[in-house]
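Written out below as structure tokens is the structure these notes cover.
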Amino acid sequence: MQNAITATGLSKKYHIGTRRSSSFRETLAASFRKLLQGSTEKSTEFWALKNVSFEVKPGEVIGIIGKNGAGKSTLLKILSRITPPTEGRAEINGRIASLLEVGTGFHPELTGRENIYMNGAILGMRRQEIKNKFDEIVAFSGIEPFIDTPVKRYSSGMYVRLAFAVAAHLEPEILIVDEVLAVGDAEFQKKCLGKMKDVSEQEGRTVLFVSHNMQALSVLTKSSMVLEHGEIGYYGDTKNAISYYFDNLWKQEAVYKNEAASSHPSVTQAEVITSEANNLQLHGKPLAVKFRIHIPHEQRGLALSFQVINNRNIPVLHIWHFDTELNECHEKGDYEWTCSIPSLRLYMGRYHLKIYLSETSSKVLFETIDQVCPFEVSMMGVPRDFPWESDACVYLEDANWNTVLLERSYSHS
């Protein structure tokens, strides 16, 4: 059987620090300038992809995992024929539909209706074929009242709804979906994931799926690829790919540290202690968060709070801790504050912390720390009909706090 995708030695090089000429006149002027003055621009080569080779069989659903800058988007753009590789080649057998980022694929001046027909034509479909699918596409997208509005007036969520509906229903042999689905609301994401499952299992189409949601990857895919600095770190069983990602990449970001000197109380370290290894938390299991607080001088009244933020940057949990006495005096030194949550019932997905440290009496905010201590929540063992996600922010009151003075600071006269 012929492969749906065969990638051989794919590499992509960019030059950082060079200016691109937008016209023949600018190119000519730049050439004369180099002849007369010599080159003054410093250029650095950057390989976004390096010797990437793999095969995907028809009907396979392949996950692609990696940190930001690992080369995921570059690989998808090469496979989608948006950008050519510097080296190597990619053989694609079948029509390909891509949903890579909000803003690609649609003409902003055309209406939603017109863009559906245009996309179908690009995929090589006859007008009657598109017409037969039209009502199904609009119903899936849920934006029927705006179907005759130019898409430049759509919100990002509306755009993604229509873009995914078009990509999934116009019957391409290969469907490429990037993390762009995170723009949609929770209910639509669940709908899209269900559609991708149907597309692969019932319709036998090939899907490449990029996501930071490990639970979704484990449900949808059997094989996944981990990209690391533009190269394939692992390609195989999804469970092993996720373990590789957590073991080799994720843990580098797990603990927040900032030991820079400060004249006010500050958080010098924060760490999430999950129920499983590699920052994986099982739904309903205990979780702890440890904070190291540096107090440079005697301090009356401290308040520490933190939010748990989901992968769409929405707070879903807010926990705070005040001194038992508002005027409680802390001697200068380093303290460890530990928050223990008996049963964390977050929905599956990726989360991080946003931390606030303030003075209780005057409400002075000493610092805000965002995008730290990432962890993953899995709902393994939870019934399948349990909701996938919720954006409700819960103010948790049953958390237990413990404060320990780790080290006193002494002044020398």
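Here, A, B, ... name the chains of the structure tokens in the order displayed, residue numbers run from 1 inside each chain, and ligands are numbered from 1 in the same displayed order.
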Could you pull out all residues of stretch 134-248 of chain A with a DSSP call of strand (DSSP E or B) and give them as an mmCIF file with C-alpha atoms, in the first residue's frame?
data_model
loop_
_atom_site.group_PDB
_atom_site.id
_atom_site.type_symbol
_atom_site.label_atom_id
_atom_site.label_comp_id
_atom_site.auth_asym_id
_atom_site.auth_seq_id
_atom_site.Cartn_x
_atom_site.Cartn_y
_atom_site.Cartn_z
ATOM 1 C CA PRO A 150 -17.351 38.721 5.064
ATOM 2 C CA ILE A 174 -5.174 14.085 4.587
ATOM 3 C CA LEU A 175 -6.213 16.484 7.351
ATOM 4 C CA ILE A 176 -3.581 18.564 9.172
ATOM 5 C CA VAL A 177 -4.671 20.301 12.385
ATOM 6 C CA THR A 206 -5.135 10.404 7.488
ATOM 7 C CA VAL A 207 -4.809 12.996 10.271
ATOM 8 C CA LEU A 208 -1.760 14.850 11.596
ATOM 9 C CA PHE A 209 -2.660 16.413 14.937
ATOM 10 C CA VAL A 210 -0.489 18.900 16.839
ATOM 11 C CA SER A 223 1.506 6.832 17.239
ATOM 12 C CA SER A 224 3.112 10.212 17.895
ATOM 13 C CA MET A 225 6.256 12.092 16.983
ATOM 14 C CA VAL A 226 8.213 14.232 19.443
ATOM 15 C CA LEU A 227 10.148 17.085 17.833
ATOM 16 C CA GLU A 228 13.132 18.472 19.710
ATOM 17 C CA GLU A 231 14.836 16.876 14.972
ATOM 18 C CA ILE A 232 12.775 13.795 15.780
ATOM 19 C CA GLY A 233 13.493 12.814 19.366
ATOM 20 C CA TYR A 234 11.023 9.934 19.349
ATOM 21 C CA TYR A 235 8.526 8.439 16.872
ATOM 22 C CA GLY A 236 6.333 5.528 17.889
ATOM 23 C CA ASP A 237 3.677 4.528 20.399
#
Within 9 Å of A:Ser343, counting only C-alpha atoms, which residues qualify if same-chain residues fewer than 3 places away don't, as JSON, numbers by chain?
{"A": [283, 284, 285, 286, 287]}
Pick out the residues sitting within 9 Å of stretch 11-16 of chain A, and hand them over as a list in words; count only C-alpha atoms, and ignore anything fewer than 6 positions along from it in its own chain.
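Listed by chain and then number, they are Lys42, Ser43, Thr44, Glu45, Phe46, Trp47, Ala48, Leu49, Lys50, Asn51, Val52, Thr74, Leu75, Ile78, Pro84, Pro85, Thr86, Glu87, Gly88, Arg89 and Gly230 of chain A.
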Keeping only N, CA and C atoms, take the residues you just selected and write them out as a PDB file, in the first residue's frame.
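Done, and the output landed in result.pdb:
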ATOM      1  N   LYS A  42      24.568  41.417   9.539  1.00  0.00           N
ATOM      2  CA  LYS A  42      25.034  40.157  10.097  1.00  0.00           C
ATOM      3  C   LYS A  42      23.911  39.133  10.014  1.00  0.00           C
ATOM      4  N   SER A  43      24.219  38.005   9.429  1.00  0.00           N
ATOM      5  CA  SER A  43      23.208  36.966   9.250  1.00  0.00           C
ATOM      6  C   SER A  43      23.597  35.719  10.030  1.00  0.00           C
ATOM      7  N   THR A  44      22.625  35.149  10.697  1.00  0.00           N
ATOM      8  CA  THR A  44      22.839  33.918  11.443  1.00  0.00           C
ATOM      9  C   THR A  44      21.941  32.835  10.877  1.00  0.00           C
ATOM     10  N   GLU A  45      22.514  31.683  10.600  1.00  0.00           N
ATOM     11  CA  GLU A  45      21.718  30.569  10.089  1.00  0.00           C
ATOM     12  C   GLU A  45      20.985  29.880  11.228  1.00  0.00           C
ATOM     13  N   PHE A  46      19.730  29.573  10.986  1.00  0.00           N
ATOM     14  CA  PHE A  46      18.932  28.857  11.972  1.00  0.00           C
ATOM     15  C   PHE A  46      18.195  27.731  11.270  1.00  0.00           C
ATOM     16  N   TRP A  47      18.455  26.506  11.712  1.00  0.00           N
ATOM     17  CA  TRP A  47      17.801  25.335  11.127  1.00  0.00           C
ATOM     18  C   TRP A  47      16.553  25.001  11.950  1.00  0.00           C
ATOM     19  N   ALA A  48      15.384  25.336  11.410  1.00  0.00           N
ATOM     20  CA  ALA A  48      14.121  25.040  12.098  1.00  0.00           C
ATOM     21  C   ALA A  48      13.825  23.545  12.065  1.00  0.00           C
ATOM     22  N   LEU A  49      14.264  22.863  10.996  1.00  0.00           N
ATOM     23  CA  LEU A  49      14.150  21.401  10.871  1.00  0.00           C
ATOM     24  C   LEU A  49      15.483  20.850  10.407  1.00  0.00           C
ATOM     25  N   LYS A  50      15.841  19.660  10.890  1.00  0.00           N
ATOM     26  CA  LYS A  50      17.108  19.051  10.500  1.00  0.00           C
ATOM     27  C   LYS A  50      16.916  17.562  10.243  1.00  0.00           C
ATOM     28  N   ASN A  51      16.962  17.175   8.984  1.00  0.00           N
ATOM     29  CA  ASN A  51      16.983  15.770   8.578  1.00  0.00           C
ATOM     30  C   ASN A  51      15.835  14.960   9.188  1.00  0.00           C
ATOM     31  N   VAL A  52      14.607  15.427   8.955  1.00  0.00           N
ATOM     32  CA  VAL A  52      13.427  14.762   9.489  1.00  0.00           C
ATOM     33  C   VAL A  52      12.880  13.778   8.453  1.00  0.00           C
ATOM     34  N   THR A  74       6.754  24.526  11.283  1.00  0.00           N
ATOM     35  CA  THR A  74       7.559  24.492  10.051  1.00  0.00           C
ATOM     36  C   THR A  74       7.321  23.198   9.288  1.00  0.00           C
ATOM     37  N   LEU A  75       7.296  22.073  10.016  1.00  0.00           N
ATOM     38  CA  LEU A  75       7.044  20.780   9.378  1.00  0.00           C
ATOM     39  C   LEU A  75       5.675  20.765   8.704  1.00  0.00           C
ATOM     40  N   ILE A  78       5.592  22.792   5.496  1.00  0.00           N
ATOM     41  CA  ILE A  78       6.248  22.092   4.378  1.00  0.00           C
ATOM     42  C   ILE A  78       5.308  21.036   3.808  1.00  0.00           C
ATOM     43  N   PRO A  84       8.676  25.736   0.979  1.00  0.00           N
ATOM     44  CA  PRO A  84       9.475  24.606   0.493  1.00  0.00           C
ATOM     45  C   PRO A  84      10.583  24.251   1.482  1.00  0.00           C
ATOM     46  N   PRO A  85      11.027  22.990   1.498  1.00  0.00           N
ATOM     47  CA  PRO A  85      12.162  22.630   2.359  1.00  0.00           C
ATOM     48  C   PRO A  85      13.479  23.132   1.765  1.00  0.00           C
ATOM     49  N   THR A  86      14.453  23.368   2.608  1.00  0.00           N
ATOM     50  CA  THR A  86      15.790  23.716   2.119  1.00  0.00           C
ATOM     51  C   THR A  86      16.467  22.472   1.563  1.00  0.00           C
ATOM     52  N   GLU A  87      16.259  21.359   2.238  1.00  0.00           N
ATOM     53  CA  GLU A  87      16.793  20.072   1.801  1.00  0.00           C
ATOM     54  C   GLU A  87      15.725  19.005   2.007  1.00  0.00           C
ATOM     55  N   GLY A  88      15.859  17.907   1.271  1.00  0.00           N
ATOM     56  CA  GLY A  88      14.944  16.785   1.423  1.00  0.00           C
ATOM     57  C   GLY A  88      13.669  16.951   0.610  1.00  0.00           C
ATOM     58  N   ARG A  89      12.772  15.990   0.735  1.00  0.00           N
ATOM     59  CA  ARG A  89      11.519  16.045  -0.023  1.00  0.00           C
ATOM     60  C   ARG A  89      10.392  15.379   0.759  1.00  0.00           C
ATOM     61  N   GLY A 230      14.133  20.831  16.225  1.00  0.00           N
ATOM     62  CA  GLY A 230      14.081  20.597  14.789  1.00  0.00           C
ATOM     63  C   GLY A 230      14.336  19.166  14.357  1.00  0.00           C
TER      64      GLY A 230
END
Could you give me, as a list in words, the residues within 7 Å of A:Ala165, counting only C-alpha atoms and dropping anything in the same chain fewer than 3 positions from it?
Ile137, Phe140, Ser141, Arg161, Leu162, Ala168 and His169 of chain A
Mind pulling up the distance from atom CA of A:Tyr335 to atom CA of A:Thr274?
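Those two atoms sit 21.3 Å apart.
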Skip stretch 267-270 of chain A itself and residues of its chain fewer than 6 positions away, then list as a list in words all residues within 7 Å of it, counting only C-alpha atoms.
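Contacts, with the query itself left out: Val255, Tyr256, Lys257, Asn258, Glu259, Lys290, Phe291, Arg292, Ile293 and His294 of chain A.
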Can you pull out every residue within 7 Å of A:Pro296, counting only C-alpha atoms, but drop anything in the same chain fewer than 6 positions away, and send it as a ChimeraX atom specification?
/A:263-265,332-333
Residues just named, written with N, CA and C atoms as a short mmCIF file (atom, residue, chain, number, x, y, z; two decimals), in the first residue's frame:
data_model
loop_
_atom_site.label_atom_id
_atom_site.label_comp_id
_atom_site.auth_asym_id
_atom_site.auth_seq_id
_atom_site.Cartn_x
_atom_site.Cartn_y
_atom_site.Cartn_z
N SER A 263 14.24 44.03 47.43
CA SER A 263 14.07 44.83 48.65
C SER A 263 12.71 44.59 49.30
N HIS A 264 11.86 43.79 48.67
CA HIS A 264 10.55 43.48 49.22
C HIS A 264 10.37 41.96 49.28
N PRO A 265 9.40 41.48 50.04
CA PRO A 265 9.15 40.03 50.07
C PRO A 265 8.93 39.49 48.65
N LYS A 332 12.76 38.42 59.36
CA LYS A 332 13.35 38.24 58.03
C LYS A 332 14.00 36.87 57.93
N GLY A 333 13.93 36.31 56.73
CA GLY A 333 14.45 34.98 56.49
C GLY A 333 13.75 34.33 55.31
#
